[in-house]
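Have a look at start_35.cif; it's mmCIF, C-alpha atoms:
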```cif
data_my_file
#
loop_
_atom_site.label_atom_id
_atom_site.label_comp_id
_atom_site.auth_asym_id
_atom_site.auth_seq_id
_atom_site.Cartn_x
_atom_site.Cartn_y
_atom_site.Cartn_z
CA MET A 865 115.05 120.48 -162.49
CA THR A 866 111.34 119.92 -162.99
CA GLN A 867 108.38 120.83 -160.79
CA ASP A 868 107.78 117.10 -160.22
CA GLN A 869 111.34 116.63 -158.95
CA LEU A 870 110.90 119.60 -156.61
CA THR A 871 107.59 118.25 -155.31
CA THR A 872 109.12 114.82 -154.68
CA GLU A 873 112.15 116.26 -152.89
CA PHE A 874 110.01 118.71 -150.91
CA GLU A 875 107.73 115.96 -149.68
CA ALA A 876 110.77 113.87 -148.73
CA CYS A 877 112.12 116.61 -146.48
CA ARG A 878 108.83 118.21 -145.37
CA GLY A 879 108.88 116.48 -141.98
CA GLN A 880 112.41 117.66 -141.17
CA LEU A 881 111.66 121.14 -142.49
CA LYS A 882 108.53 121.43 -140.33
CA SER A 883 110.28 120.34 -137.17
CA TYR A 884 113.22 122.69 -137.92
CA ILE A 885 110.95 125.70 -138.40
CA LEU A 886 108.88 124.79 -135.34
CA ARG A 887 112.04 124.61 -133.22
CA ILE A 888 112.96 128.10 -134.42
CA THR A 889 109.57 129.82 -134.27
CA THR A 890 107.84 127.74 -131.52
CA SER A 891 104.63 128.57 -133.38
CA ILE A 892 102.54 125.94 -135.16
CA GLN A 893 100.81 128.57 -137.31
CA ASP A 894 104.07 130.26 -138.33
CA THR A 895 105.55 126.86 -139.11
CA GLU A 896 102.65 125.88 -141.36
CA ASP A 897 102.82 129.28 -143.11
CA ILE A 898 106.57 129.19 -143.65
CA VAL A 899 106.58 125.62 -144.93
CA GLN A 900 103.75 126.43 -147.34
CA ASP A 901 105.41 129.67 -148.50
CA THR A 902 108.70 127.86 -148.95
CA PHE A 903 107.12 125.45 -151.39
CA ILE A 904 105.50 128.31 -153.31
CA LYS A 905 108.74 130.32 -153.41
CA ALA A 906 110.78 127.29 -154.43
CA SER A 907 108.32 126.59 -157.26
CA GLU A 908 108.47 130.20 -158.45
CA LYS A 909 112.25 130.30 -158.32
CA LEU A 910 112.85 126.81 -159.66
CA ALA A 911 114.41 128.15 -162.87
CA THR A 912 117.08 129.93 -160.81
CA PHE A 913 118.17 126.73 -159.06
CA LYS A 914 121.55 125.92 -160.63
CA GLY A 915 122.34 122.79 -158.70
CA ASP A 916 125.25 124.40 -156.80
CA SER A 917 123.82 122.78 -153.68
CA SER A 918 121.43 119.91 -153.10
CA LEU A 919 117.76 120.70 -153.55
CA LYS A 920 117.20 119.99 -149.86
CA THR A 921 119.84 122.57 -148.90
CA TRP A 922 118.22 125.10 -151.23
CA ILE A 923 114.79 124.43 -149.72
CA PHE A 924 116.17 124.87 -146.18
CA ALA A 925 117.81 128.16 -147.26
CA ILE A 926 114.49 129.56 -148.49
CA ALA A 927 112.74 128.47 -145.28
CA SER A 928 115.54 129.79 -143.06
CA ASN A 929 115.35 133.20 -144.72
CA GLN A 930 111.64 133.40 -144.02
CA ALA A 931 112.12 132.39 -140.41
CA ARG A 932 114.88 134.98 -140.02
CA ASP A 933 112.65 137.70 -141.51
CA LEU A 934 109.93 136.75 -139.05
CA LEU A 935 112.16 136.61 -135.98
CA ARG A 936 114.79 139.27 -136.64
CA ALA A 937 112.93 142.00 -134.77
CA LYS A 938 111.78 139.74 -131.93
CA LYS A 939 113.64 139.47 -128.65
CA ARG A 940 115.43 136.29 -127.72
CA TRP A 941 114.26 134.32 -124.71
CA PRO A 942 116.16 134.15 -121.42
CA GLU A 943 117.96 130.95 -120.35
CA ASN A 944 115.50 130.45 -117.48
CA VAL A 945 112.51 130.40 -119.84
CA THR A 946 111.23 127.16 -118.36
CA ASP A 947 111.13 128.67 -114.84
CA ILE A 948 109.13 131.67 -116.09
CA CYS A 949 106.71 129.45 -118.02
CA ARG A 950 106.36 127.01 -115.11
CA ASP A 951 105.26 129.84 -112.82
CA ALA A 952 102.80 131.05 -115.44
CA ALA A 953 101.38 127.54 -115.93
CA LEU A 954 100.93 126.97 -112.21
CA SER A 955 98.89 130.15 -111.93
CA ASN A 956 96.75 129.20 -114.93
CA PRO A 957 94.34 126.38 -114.03
CA GLU A 958 92.80 126.45 -117.50
CA PHE A 959 96.11 125.49 -119.06
CA ILE A 960 96.52 122.55 -116.68
CA GLN A 961 92.92 121.43 -117.32
CA GLU A 962 93.41 121.60 -121.08
CA ALA A 963 96.67 119.65 -120.83
CA MET A 964 94.93 116.96 -118.75
CA ARG A 965 92.12 116.79 -121.30
CA ILE A 966 94.65 116.21 -124.09
CA ARG A 967 96.44 113.67 -121.90
CA ASN A 968 93.21 111.72 -121.35
CA THR A 969 91.64 111.92 -124.80
CA SER A 970 94.26 112.36 -127.52
CA PRO A 971 96.20 109.52 -129.16
CA GLN A 972 99.10 111.98 -129.23
CA GLY A 973 98.63 112.99 -125.60
CA HIS A 974 101.10 110.69 -123.84
CA PHE A 975 103.67 112.37 -121.66
CA GLU A 976 107.17 111.00 -122.09
CA ILE A 977 110.23 112.44 -120.41
CA LYS A 978 112.41 112.09 -123.50
CA GLU A 979 109.94 114.14 -125.51
CA HIS A 980 109.93 116.80 -122.84
CA ILE A 981 113.74 116.91 -123.01
CA THR A 982 113.51 117.85 -126.67
CA PHE A 983 110.73 120.36 -125.95
CA CYS A 984 112.91 121.88 -123.24
CA PHE A 985 115.82 122.24 -125.69
CA THR A 986 113.56 124.03 -128.15
CA CYS A 987 112.67 126.61 -125.50
CA VAL A 988 116.15 127.04 -124.01
CA SER A 989 117.93 127.26 -127.39
CA LYS A 990 115.91 130.38 -128.08
CA SER A 991 118.25 132.11 -125.64
CA LEU A 992 120.99 131.85 -128.26
CA PRO A 993 121.40 134.60 -130.83
CA LEU A 994 119.21 133.61 -133.81
CA GLU A 995 122.08 132.80 -136.21
CA GLN A 996 123.71 130.58 -133.59
CA GLN A 997 120.48 128.72 -132.93
CA LEU A 998 119.93 128.10 -136.64
CA ALA A 999 123.50 126.91 -137.21
CA LEU A 1000 123.34 124.62 -134.18
CA LEU A 1001 120.04 122.99 -135.23
CA LEU A 1002 121.15 122.56 -138.83
CA LYS A 1003 124.37 120.83 -137.78
CA GLU A 1004 123.48 118.89 -134.68
CA VAL A 1005 119.91 117.88 -135.45
CA TYR A 1006 119.58 117.94 -139.23
CA ALA A 1007 123.16 116.84 -140.02
CA PHE A 1008 124.07 119.47 -142.59
CA THR A 1009 127.79 120.10 -143.16
CA VAL A 1010 129.45 123.42 -142.33
CA LYS A 1011 129.63 124.21 -146.05
CA GLU A 1012 125.94 123.45 -146.52
CA ILE A 1013 125.02 125.58 -143.50
CA ALA A 1014 127.15 128.41 -144.89
CA GLY A 1015 125.05 128.17 -148.06
CA ILE A 1016 121.76 127.99 -146.19
CA LEU A 1017 122.49 130.96 -143.92
CA ASP A 1018 124.61 132.92 -146.44
CA LEU A 1019 127.62 132.99 -144.13
CA THR A 1020 131.28 132.07 -144.53
CA ASP A 1021 132.43 128.63 -143.40
CA ALA A 1022 134.51 130.36 -140.71
CA MET A 1023 131.53 132.18 -139.24
CA VAL A 1024 129.45 129.01 -139.24
CA LYS A 1025 132.24 127.30 -137.28
CA TYR A 1026 132.29 130.23 -134.85
CA TYR A 1027 128.52 130.15 -134.38
CA LEU A 1028 128.50 126.40 -133.92
CA HIS A 1029 131.27 126.47 -131.36
CA THR A 1030 129.86 129.31 -129.29
CA ALA A 1031 126.31 127.95 -129.45
CA ARG A 1032 127.40 124.47 -128.41
CA SER A 1033 129.56 125.82 -125.61
CA LYS A 1034 126.75 127.99 -124.29
CA MET A 1035 124.10 125.26 -124.42
CA ILE A 1036 126.43 122.76 -122.74
CA GLU A 1037 126.98 125.17 -119.85
CA VAL A 1038 123.31 126.14 -119.56
CA PHE A 1039 122.14 122.52 -119.38
CA ASP A 1040 124.96 121.54 -117.05
CA HIS A 1041 123.86 124.29 -114.70
CA ARG A 1042 120.12 123.78 -115.06
CA CYS A 1043 119.25 120.18 -115.91
CA SER A 1044 118.85 117.92 -112.90
CA LEU A 1045 118.87 114.88 -115.19
CA ILE A 1046 122.59 115.36 -115.86
CA ASN A 1047 123.68 117.28 -112.79
CA LYS A 1048 122.46 116.56 -109.25
CA GLU A 1049 122.85 120.26 -108.48
CA GLY A 1050 120.73 121.21 -111.52
CA VAL A 1051 117.97 123.67 -110.69
CA CYS A 1052 115.32 122.43 -113.15
CA HIS A 1053 113.28 119.28 -112.42
CA GLN A 1054 110.41 120.10 -114.73
CA CYS A 1055 110.40 116.90 -116.80
CA THR A 1056 110.14 114.65 -113.75
CA GLU A 1057 107.60 117.01 -112.15
CA LEU A 1058 105.40 116.84 -115.23
CA ASN A 1059 105.86 113.09 -115.43
CA GLY A 1060 104.48 112.91 -111.90
CA LEU A 1061 101.51 115.02 -112.95
CA PHE A 1062 100.66 113.19 -116.18
CA ASN A 1063 101.83 109.69 -115.27
CA PRO A 1064 101.24 109.46 -111.49
CA LYS A 1065 101.49 105.67 -111.41
CA GLN A 1066 104.74 105.52 -113.35
CA LYS A 1067 108.12 105.49 -111.63
CA ALA A 1068 110.23 108.30 -113.02
CA GLU A 1069 113.45 106.39 -112.23
CA GLU A 1070 112.38 103.56 -114.53
CA GLU A 1071 111.64 105.99 -117.33
CA LEU A 1072 114.92 107.81 -116.83
CA ALA A 1073 116.81 104.52 -116.95
CA LYS A 1074 115.63 104.16 -120.56
CA ILE A 1075 117.21 107.48 -121.54
CA SER A 1076 120.97 107.14 -121.93
CA MET A 1077 121.58 110.85 -121.27
CA ALA A 1078 120.04 110.48 -117.79
CA ARG A 1079 121.19 106.90 -117.13
CA ASP A 1080 124.84 107.54 -117.97
CA ALA A 1081 125.05 111.11 -116.70
CA GLU A 1082 127.74 110.40 -114.13
CA LYS A 1083 129.95 108.51 -116.57
CA LYS A 1084 129.83 110.95 -119.46
CA SER A 1085 131.38 114.36 -120.02
CA LYS A 1086 129.25 117.46 -120.44
CA GLU A 1087 130.00 117.37 -124.17
CA GLN A 1088 128.97 113.72 -124.51
CA LEU A 1089 125.75 114.41 -122.61
CA PHE A 1090 125.01 117.24 -124.98
CA ASP A 1091 125.54 114.90 -127.93
CA LEU A 1092 123.07 112.45 -126.37
CA ARG A 1093 120.58 115.29 -125.97
CA MET A 1094 121.01 116.10 -129.65
CA LYS A 1095 120.41 112.45 -130.52
CA LEU A 1096 117.01 112.67 -128.87
CA LEU A 1097 116.19 115.69 -131.00
CA GLN A 1098 117.23 113.78 -134.12
CA GLN A 1099 114.95 110.88 -133.19
CA ILE A 1100 111.80 112.78 -132.22
CA ASP A 1101 109.50 114.51 -134.66
CA PRO A 1102 107.51 117.05 -132.62
CA PHE A 1103 104.55 116.75 -135.02
CA GLU A 1104 104.40 112.97 -135.23
CA SER A 1105 105.36 111.63 -131.82
CA ASP A 1106 102.99 110.03 -129.31
CA ALA A 1107 103.27 113.19 -127.23
CA ALA A 1108 102.84 115.63 -130.12
CA GLU A 1109 99.51 117.19 -129.18
CA LEU A 1110 100.42 117.55 -125.53
CA GLN A 1111 103.85 119.03 -126.23
CA LEU A 1112 102.66 121.32 -129.02
CA GLY A 1113 99.99 122.70 -126.69
CA HIS A 1114 102.66 123.26 -124.07
CA LEU A 1115 104.94 124.94 -126.61
CA GLU A 1116 102.15 127.27 -127.70
CA HIS A 1117 101.59 128.14 -124.04
CA ASN A 1118 105.28 128.90 -123.49
CA ARG A 1119 105.49 131.08 -126.59
CA GLN A 1120 102.50 133.15 -125.49
CA VAL A 1121 103.91 133.48 -121.98
CA MET A 1122 107.30 134.58 -123.29
CA GLU A 1123 105.85 137.10 -125.73
CA LYS A 1124 103.88 138.68 -122.88
CA TYR A 1125 106.86 138.51 -120.52
CA LEU A 1126 109.22 140.18 -123.01
CA GLU A 1127 106.62 142.83 -123.87
CA GLU A 1128 106.08 143.70 -120.19
CA LYS A 1129 109.83 143.80 -119.61
CA ASP A 1130 110.28 146.60 -122.20
CA MET B 796 158.12 149.61 -129.52
CA THR B 797 155.39 147.85 -131.49
CA THR B 798 157.46 147.72 -134.69
CA SER B 799 160.04 145.48 -132.96
CA LEU B 800 157.40 143.27 -131.36
CA LYS B 801 157.78 139.59 -132.26
CA PRO B 802 154.61 137.50 -132.70
CA ASP B 803 155.77 135.00 -130.08
CA GLY B 804 153.17 135.62 -127.39
CA LYS B 805 155.67 137.31 -125.05
CA ALA B 806 154.61 140.64 -123.62
CA ILE B 807 156.95 143.61 -123.35
CA THR B 808 156.54 146.70 -121.19
CA GLN B 809 158.20 150.03 -121.64
CA LYS B 810 157.91 152.64 -118.92
CA THR B 811 158.80 156.30 -118.89
CA THR B 812 158.09 159.00 -116.32
CA PHE B 813 154.81 159.92 -117.95
CA SER B 814 153.71 156.72 -119.68
CA LEU B 815 153.54 152.95 -119.62
CA GLU B 816 153.15 150.78 -122.69
CA THR B 817 152.57 147.02 -122.66
CA ALA B 818 152.33 145.03 -125.86
CA VAL B 819 151.95 141.46 -127.00
CA SER B 820 151.77 139.84 -130.41
CA ILE B 821 151.04 136.30 -131.50
CA THR B 822 150.51 134.38 -134.74
CA ILE B 823 147.13 132.68 -134.96
CA ASN B 824 146.32 130.04 -137.57
CA ALA B 825 142.66 130.86 -137.98
CA ASP B 826 140.41 132.82 -140.26
CA PRO B 827 140.50 136.51 -139.24
CA SER B 828 136.70 136.58 -139.06
CA ILE B 829 136.80 134.02 -136.24
CA ILE B 830 139.39 136.05 -134.31
CA TRP B 831 137.39 139.21 -134.88
CA ALA B 832 134.17 137.55 -133.77
CA LEU B 833 135.83 136.40 -130.56
CA LEU B 834 137.18 139.91 -129.92
CA THR B 835 133.86 141.64 -130.53
CA ASN B 836 131.27 139.38 -128.88
CA ALA B 837 131.11 140.84 -125.38
CA SER B 838 128.69 138.28 -123.93
CA ASP B 839 130.99 135.40 -124.91
CA PHE B 840 134.26 136.97 -123.72
CA THR B 841 134.50 135.44 -120.27
CA ARG B 842 133.99 131.94 -121.67
CA TRP B 843 137.31 131.85 -123.53
CA ASN B 844 139.32 134.69 -122.03
CA SER B 845 140.69 133.88 -118.59
CA THR B 846 141.82 137.46 -117.96
CA VAL B 847 138.35 138.98 -118.25
CA THR B 848 135.92 138.18 -115.44
CA GLY B 849 133.11 140.37 -116.70
CA LEU B 850 132.30 142.36 -119.83
CA GLU B 851 129.06 144.19 -120.46
CA GLY B 852 128.07 146.37 -123.38
CA GLU B 853 128.29 146.20 -127.14
CA ILE B 854 131.66 146.08 -128.85
CA LYS B 855 130.97 148.38 -131.77
CA LEU B 856 132.03 151.88 -132.72
CA GLY B 857 130.89 154.23 -129.98
CA GLY B 858 129.97 151.31 -127.72
CA LYS B 859 130.36 151.67 -123.95
CA LEU B 860 131.86 148.75 -122.08
CA LYS B 861 132.13 147.77 -118.42
CA LEU B 862 135.07 145.45 -117.99
CA LYS B 863 136.29 143.50 -114.99
CA SER B 864 139.75 141.94 -115.00
CA TYR B 865 141.15 139.13 -112.89
CA LEU B 866 143.84 141.61 -111.84
CA ASP B 867 141.27 143.51 -109.76
CA ASP B 868 137.86 141.84 -109.74
CA LYS B 869 136.30 144.57 -107.59
CA ARG B 870 137.06 147.38 -109.99
CA ILE B 871 134.95 148.09 -113.06
CA PHE B 872 136.74 149.75 -115.96
CA LYS B 873 134.45 151.97 -118.03
CA ILE B 874 135.73 151.93 -121.57
CA GLY B 875 134.61 153.36 -124.89
CA VAL B 876 135.16 151.81 -128.32
CA LYS B 877 136.99 154.58 -130.19
CA GLU B 878 137.85 152.86 -133.48
CA PHE B 879 136.35 149.82 -135.14
CA GLN B 880 137.64 148.54 -138.48
CA PRO B 881 136.35 144.96 -138.90
CA GLU B 882 139.01 142.26 -139.03
CA SER B 883 141.72 144.89 -138.91
CA ARG B 884 141.88 147.34 -136.00
CA MET B 885 139.96 148.29 -132.89
CA VAL B 886 140.75 150.83 -130.18
CA TRP B 887 139.32 150.87 -126.67
CA GLY B 888 139.99 153.79 -124.40
CA ASP B 889 139.23 155.70 -121.23
CA GLY B 890 140.63 158.83 -119.62
CA ASN B 891 143.86 157.09 -118.67
CA GLY B 892 144.85 155.44 -121.90
CA THR B 893 144.07 153.31 -124.94
CA ARG B 894 144.22 149.67 -125.90
CA VAL B 895 144.78 148.95 -129.59
CA PHE B 896 143.96 145.55 -131.12
CA THR B 897 145.20 144.79 -134.63
CA LEU B 898 144.97 141.82 -136.97
CA GLU B 899 147.37 141.49 -139.86
CA LYS B 900 147.25 138.67 -142.39
CA GLN B 901 150.67 137.21 -143.07
CA GLU B 902 151.90 134.05 -144.74
CA ALA B 903 152.33 132.23 -141.45
CA GLY B 904 148.85 133.14 -140.25
CA VAL B 905 147.11 136.14 -138.74
CA VAL B 906 149.27 138.26 -136.46
CA PHE B 907 147.24 139.53 -133.52
CA SER B 908 148.73 142.42 -131.57
CA MET B 909 147.47 144.20 -128.50
CA VAL B 910 149.09 147.38 -127.22
CA GLU B 911 148.00 149.33 -124.19
CA LYS B 912 149.32 152.77 -123.50
CA MET B 913 148.61 154.70 -120.34
CA GLY B 914 149.96 158.06 -119.40
CA GLY B 915 149.57 161.79 -118.99
CA LEU B 916 150.78 164.51 -116.73
CA THR B 917 149.29 162.92 -113.61
CA PHE B 918 150.65 159.48 -114.48
CA PRO B 919 153.53 159.63 -111.92
CA LEU B 920 150.94 160.08 -109.15
CA TRP B 921 149.08 156.82 -109.81
CA SER B 922 151.52 154.65 -111.72
CA ARG B 923 152.77 152.99 -108.53
CA PHE B 924 149.30 151.48 -107.99
CA LEU B 925 149.39 149.67 -111.31
CA PRO B 926 149.99 145.92 -111.27
CA PRO B 927 152.35 144.35 -113.83
CA PHE B 928 150.43 143.62 -117.03
CA GLU B 929 152.72 141.22 -118.89
CA GLU B 930 151.20 138.00 -117.59
CA SER B 931 147.69 139.23 -118.27
CA PHE B 932 148.61 140.19 -121.85
CA GLU B 933 150.31 136.87 -122.51
CA ARG B 934 147.30 134.97 -121.17
CA PHE B 935 144.93 137.06 -123.29
CA ALA B 936 146.92 136.34 -126.45
CA ALA B 937 147.34 132.63 -125.65
CA ASP B 938 143.62 132.22 -124.86
CA LEU B 939 142.65 133.94 -128.10
CA LYS B 940 145.02 131.77 -130.14
CA LYS B 941 143.82 128.57 -128.51
CA GLU B 942 140.12 129.36 -128.94
CA ALA B 943 140.38 130.70 -132.50
CA GLU B 944 142.47 127.76 -133.71
CA MET B 945 140.15 125.26 -132.04
CA ILE B 946 137.14 126.81 -133.78
CA ASN B 947 138.99 127.04 -137.09
CA ASN B 948 139.91 123.37 -136.95
CA GLY B 949 136.50 122.32 -135.66
CA ALA B 950 133.48 120.65 -137.24
CA ASN B 951 133.16 120.40 -141.01
#
```

Spit out the file's structure as structure tokens when you get a sec.
Amino acid sequence: MTQDQLTTEFEACRGQLKSYILRITTSIQDTEDIVQDTFIKASEKLATFKGDSSLKTWIFAIASNQARDLLRAKKRWPENVTDICRDAALSNPEFIQEAMRIRNTSPQGHFEIKEHITFCFTCVSKSLPLEQQLALLLKEVYAFTVKEIAGILDLTDAMVKYYLHTARSKMIEVFDHRCSLINKEGVCHQCTELNGLFNPKQKAEEELAKISMARDAEKKSKEQLFDLRMKLLQQIDPFESDAAELQLGHLEHNRQVMEKYLEEKD
Amino acid sequence: MTTSLKPDGKAITQKTTFSLETAVSITINADPSIIWALLTNASDFTRWNSTVTGLEGEIKLGGKLKLKSYLDDKRIFKIGVKEFQPESRMVWGDGNGTRVFTLEKQEAGVVFSMVEKMGGLTFPLWSRFLPPFEESFERFAADLKKEAEMINNGAN
């Protein structure tokens, strides 16, 4: 394995790696740092790469370890994170003003419901234990096999299967209970609320009709709806989408709110 | 009694004047780490185990648990984790008795056994208030088998 081969492979998976780390850390700065450090570490350790796994798997393992080191001591977020952050946003006019400025001036400032669905998943999945969240993202969003995930997270295949199953089960129940897009009794309407704020002339129903998870909610099982949610995550790159700047600003806001909330709760 | 227990998922109870012992055993075709993870993740217990309606605390050596059972949803059992040998043996207990969980790898799979023993000098005074435990034990074992095997045979 040469440095050129590593550089080529790293560049090929950089986009996926960045979105994966962002979805774990919810911090743009931490994501940039970890991705950069991963490349440096991979270059330094290149001689130790024996080809037991693919280079991409090896790169994800290095990045995952750094993310785990960063997050191990930090508290996980509660399932109702979006309620807590909504309240904080409503009492913070500066945040709303800044979001409207991005909406009106940035080429990546469009608000789209489907992008907010993926943003919402990033926040809510932080209520899972860290290992479960990592396993779930690696399998459902980045399409690694159980064996590859076991290598990335240094776990047995059996434990990866356990983490995947429990994480999936928990997320399915949380979204079934909370998300009004898939359950009329759902308590969270935030994506349609924000659509009304950022796109006042647009009909939310027409937008929702374009999203199969919302359009087919009554015909699909909870598990199928979760799979459709995961498909959206596979399709949307949080750094490159038309909504990137708006959603990244919102994510930064939520992370700061949650860090303060968890600190005050201690 | 436990030595004659068959791993068929059927619970057996043996009662004497001063004690009551209920036991169940079942063969599970799953990796023992999956079974152990299910048995030791308190926050996930109620999802797969239909006999437990609430479980708070950490399942680790010295851990304190608050357990609610479908047999009496209003009562909270305060239990301590007395022994904890990963993928092998765990003992829960309170002032009235102990519950022993064991996993044993055999050719046909992993044999899970659960034995609860209650008793003492005052046992005759309160034993008449105890509900029958066999159904609860059988459900516990069946739920564990179903969940562990489903996970074991799940995504690759």

Practice task
Kindly resolve the PyMOL selection byres ((chain B) within 10 of (chain A)) on the present coordinates and return the residues as a PyMOL selection string.
Solution key: chain B and resi 825-830+832-833+839+842-843+942-943+945-951

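Relative to CA of Thr946 in chain A, CA of Gln997 in chain A is found at 17.3 Å.
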
Per-residue nearest contacts of range 902-926 of chain B to range 809-823 of chain B (7 Å; only C-alpha atoms) as a tab-separated table:
```
residue	atom	partner	partner_atom	distance
B:Gly904	CA	B:Ile823	CA	5.6
B:Val905	CA	B:Ile823	CA	5.1
B:Val906	CA	B:Thr822	CA	4.4
B:Phe907	CA	B:Ile821	CA	5.4
B:Ser908	CA	B:Ser820	CA	4.2
B:Met909	CA	B:Val819	CA	5.5
B:Val910	CA	B:Ala818	CA	4.2
B:Glu911	CA	B:Thr817	CA	5.3
B:Lys912	CA	B:Glu816	CA	4.4
B:Met913	CA	B:Leu815	CA	5.3
B:Gly914	CA	B:Ser814	CA	4.0
B:Gly915	CA	B:Phe813	CA	5.7
B:Leu916	CA	B:Phe813	CA	6.2
B:Phe918	CA	B:Phe813	CA	5.4
B:Pro919	CA	B:Phe813	CA	6.2
```

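Pairwise distance (CA of Ile960 in chain A, CA of Asp1040 in chain A) equals 28.5 Å.
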
Considering only C-alpha atoms, return as a PDB file with C-alpha atoms, in the coordinates of the input whatever protein or nucleic-acid residues lie within 7 Å of Phe932 in chain B, sequence-local ones (same chain, fewer than 3 positions apart) excluded.
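The file below, around-v9.pdb, is the result:
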```
ATOM      1  CA  ALA B 806     154.610 140.640-123.620  1.00  0.00           C
ATOM      2  CA  VAL B 819     151.950 141.460-127.000  1.00  0.00           C
ATOM      3  CA  PHE B 928     150.430 143.620-117.030  1.00  0.00           C
ATOM      4  CA  GLU B 929     152.720 141.220-118.890  1.00  0.00           C
ATOM      5  CA  PHE B 935     144.930 137.060-123.290  1.00  0.00           C
ATOM      6  CA  ALA B 936     146.920 136.340-126.450  1.00  0.00           C
TER       7      ALA B 936
END
```

Practice task
Could you please determine the separation between CA of Gly875 in chain B and CA of Leu856 in chain B in Å, to one decimal place?
Solution key: 8.4 Å

Practice task
Please provide the set of residues having any atom within 12 Å of Phe840 in chain B, restricted to only C-alpha atoms, with same-chain residues fewer than 4 positions apart removed, written as a count of residues only.
Solution key: 27

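Here the PyMOL selection byres ((chain A and resi 1099) around 12) matches the residues Gln880, Ser883, Lys978, Glu979, Ile981, Thr982, Glu1004, Val1005, Tyr1006, Leu1092, Arg1093, Met1094, Lys1095, Leu1096, Leu1097, Gln1098, Ile1100, Asp1101, Pro1102, Glu1104 and Ser1105 of chain A.
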
Handout entry: Distance criterion (only C-alpha atoms): nearest to Arg1119 in chain A out of A:Gln1066, A:Gln867, A:Gln900, A:Thr889
Key = A:Thr889

Exercise for the section: Identify the residues around (105.6, 103.9, -126.5) within a radius of 10 Å, measuring from all atoms listed in the file in the coordinates stated by the file, and give them as number ranges by chain. Expected result: A: 974-976, 1105-1107

Handout entry: Reference answer for the PyMOL selection byres ((chain A and resi 952) around 12), as a ChimeraX atom specification
Key = /A:945-951,953-960,1114,1117-1122,1124-1125

Problem - Nearest to Glu899 in chain B, chosen from B:Ser799, B:Asn824, B:Arg934, B:Trp887, with all atoms listed in the file counted in the distances - result: B:Asn824

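Candidate residues A:Ile923, A:Cys987, A:Ile1075, A:Ile1036 were compared for distance to Leu886 in chain A, and the nearest is A:Cys987, using all atoms listed in the file.
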
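Nearest residue to Thr921 in chain A among A:Glu873, A:Asn1063, A:Glu1069, A:Glu1082 is A:Glu873, counting only C-alpha atoms.
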
Problem - Selected residue of minimal separation from Pro881 in chain B among B:Phe896, B:Gly857, B:Asp867, B:Asp803, counting only C-alpha atoms - result: B:Phe896
